[in-house]
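Report on the structure given below.
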Amino acid sequence: MFVKICGVTNQEDALLATALGADAVGFIFAPSDRQVAIPIVRDIVRQLPPEVMTVGVFRDQGRQRVVEVVNTIGLRAAQLHGNESPETCRWIADRVPITIRALPAGSPDLLRIDEFGADLLLLDSPVPGSGTVFDWSLAEGAPSNRPMLLAGGLDPENVARAIAKVRPFGVDVASGVEAESGRKDPRLLRAFLEAARSVEFEDYDGGERRPFNWEEHQWG
């Protein structure tokens, strides 16, 4: 099970998350309580293992700016979490290593996810970024032709149930593992990762496999 810890604001939390086994860490550049400055993220990224997916989270920011930030500070992925059009997403996808398109459950855009050219889909609550749980049955309408990360109010108590219900490729958490906004709780981080990895079911193709091998993947 692929696990992404989002809303990271400091080096200590990033290093702890990866030490505990997180596959990805996300840094929010859009207006948010967890927004973090570019120079801080640059310094954090340099300290992380190369196999970790480092993700910049953007919302309705200029496409050239997104590409510049991702490539300048060495991020592995851009997560587009706003009203970006398919054309904008494809333009960005052609210029950064990995793109993640975040969409709310029930969005009509889910029916045309191929048009966005994203590598992964992040399925969030109908109020994206709110940290609230949504009806997981809505995930049944999500496309099955690309890896999906499930987000929206996940925490150590409910993540195993969510995985068993939705069977996503991976899960994404921010507020559910915090001691306070922008600061992770080590005990909650550990509990979340253990719970997410505890779910076993047949015909799941994620397993312990990371979705991208940075050393082998050749970027065009």
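Residue names in the structure tokens use chain letters A, B, ... in the order shown, residue numbers from 1 in each chain, and ligand numbers from 1 in the order shown.
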Any chance you could tabulate, as a Markdown table, the residues of segment 11-125 of chain A at most 12 Å from segment 154-173 of chain A with each one's nearest atom pair and distance in Å to one decimal, using only C-alpha atoms, in chain and rising number order?
| residue | atom | partner | partner_atom | distance |
| --- | --- | --- | --- | --- |
| A:Ala17 | CA | A:Val173 | CA | 11.4 |
| A:Ala22 | CA | A:Asp172 | CA | 10.2 |
| A:Asp23 | CA | A:Gly170 | CA | 9.5 |
| A:Ala24 | CA | A:Asp172 | CA | 9.0 |
| A:Val25 | CA | A:Asp172 | CA | 9.2 |
| A:Gly26 | CA | A:Asp172 | CA | 9.2 |
| A:Val55 | CA | A:Asp172 | CA | 11.6 |
| A:Gln79 | CA | A:Asp172 | CA | 11.9 |
| A:Ile100 | CA | A:Asp172 | CA | 11.8 |
| A:Ala102 | CA | A:Asp172 | CA | 11.0 |
| A:Leu120 | CA | A:Phe169 | CA | 9.4 |
| A:Leu121 | CA | A:Phe169 | CA | 9.7 |
| A:Leu122 | CA | A:Asp172 | CA | 8.2 |
| A:Leu123 | CA | A:Asp172 | CA | 9.3 |
| A:Asp124 | CA | A:Asp172 | CA | 9.1 |
| A:Ser125 | CA | A:Leu154 | CA | 10.4 |
Between segment 31-97 of chain A and segment 111-119 of chain A, at 8 Å or less, what are the per-residue closest atom pairs and their distances in Å? Count only C-alpha atoms, order by chain and rising residue number, and return it as a tab-separated table.
residue	atom	partner	partner_atom	distance
A:Ser85	CA	A:Phe116	CA	7.4
A:Pro86	CA	A:Phe116	CA	4.2
A:Glu87	CA	A:Phe116	CA	6.9
A:Thr88	CA	A:Phe116	CA	8.0
A:Cys89	CA	A:Phe116	CA	5.3
A:Arg90	CA	A:Gly117	CA	5.1
A:Ala93	CA	A:Ala118	CA	6.5
Mind dumping the selected residues with N, CA and C atoms as a JSON list (two decimals), in the first residue's frame?
[["chain", "number", "residue", "atom", "x", "y", "z"],
["A", 85, "SER", "N", -7.51, 23.02, -15.99],
["A", 85, "SER", "CA", -8.14, 22.38, -17.14],
["A", 85, "SER", "C", -7.32, 21.20, -17.63],
["A", 86, "PRO", "N", -7.94, 20.33, -18.42],
["A", 86, "PRO", "CA", -7.15, 19.23, -19.00],
["A", 86, "PRO", "C", -5.96, 19.74, -19.81],
["A", 87, "GLU", "N", -6.15, 20.83, -20.53],
["A", 87, "GLU", "CA", -5.05, 21.38, -21.32],
["A", 87, "GLU", "C", -3.89, 21.82, -20.43],
["A", 88, "THR", "N", -4.21, 22.50, -19.34],
["A", 88, "THR", "CA", -3.15, 22.94, -18.41],
["A", 88, "THR", "C", -2.45, 21.74, -17.79],
["A", 89, "CYS", "N", -3.21, 20.75, -17.39],
["A", 89, "CYS", "CA", -2.61, 19.56, -16.78],
["A", 89, "CYS", "C", -1.69, 18.84, -17.76],
["A", 90, "ARG", "N", -2.11, 18.71, -18.99],
["A", 90, "ARG", "CA", -1.27, 18.03, -19.98],
["A", 90, "ARG", "C", 0.00, 18.83, -20.24],
["A", 93, "ALA", "N", 2.19, 18.15, -17.36],
["A", 93, "ALA", "CA", 2.61, 16.74, -17.37],
["A", 93, "ALA", "C", 3.74, 16.50, -18.36]]
Name the residues of segment 59-220 of chain A that fall into strand (DSSP E or B) according to DSSP on the backbone, using the chain letters and numbers of this document, as a list of chain:residue names.
-> A:Ala77, A:Ala78, A:Gln79, A:Leu80, A:Ile98, A:Thr99, A:Ile100, A:Arg101, A:Ala102, A:Leu103, A:Pro104, A:Leu120, A:Leu121, A:Leu122, A:Leu123, A:Asp124, A:Met148, A:Leu149, A:Leu150, A:Gly170, A:Val171, A:Asp172, A:Val173, A:Glu178, A:Ala179, A:Glu180, A:Arg183, A:Lys184
If we count only C-alpha atoms, what is near Gly176 of chain A at a cut-off of 12 Å, once residues fewer than 4 positions away on the same chain are taken out, given as a ChimeraX atom specification?
-> /A:5-7,129-133,151-159,171-172,180-193
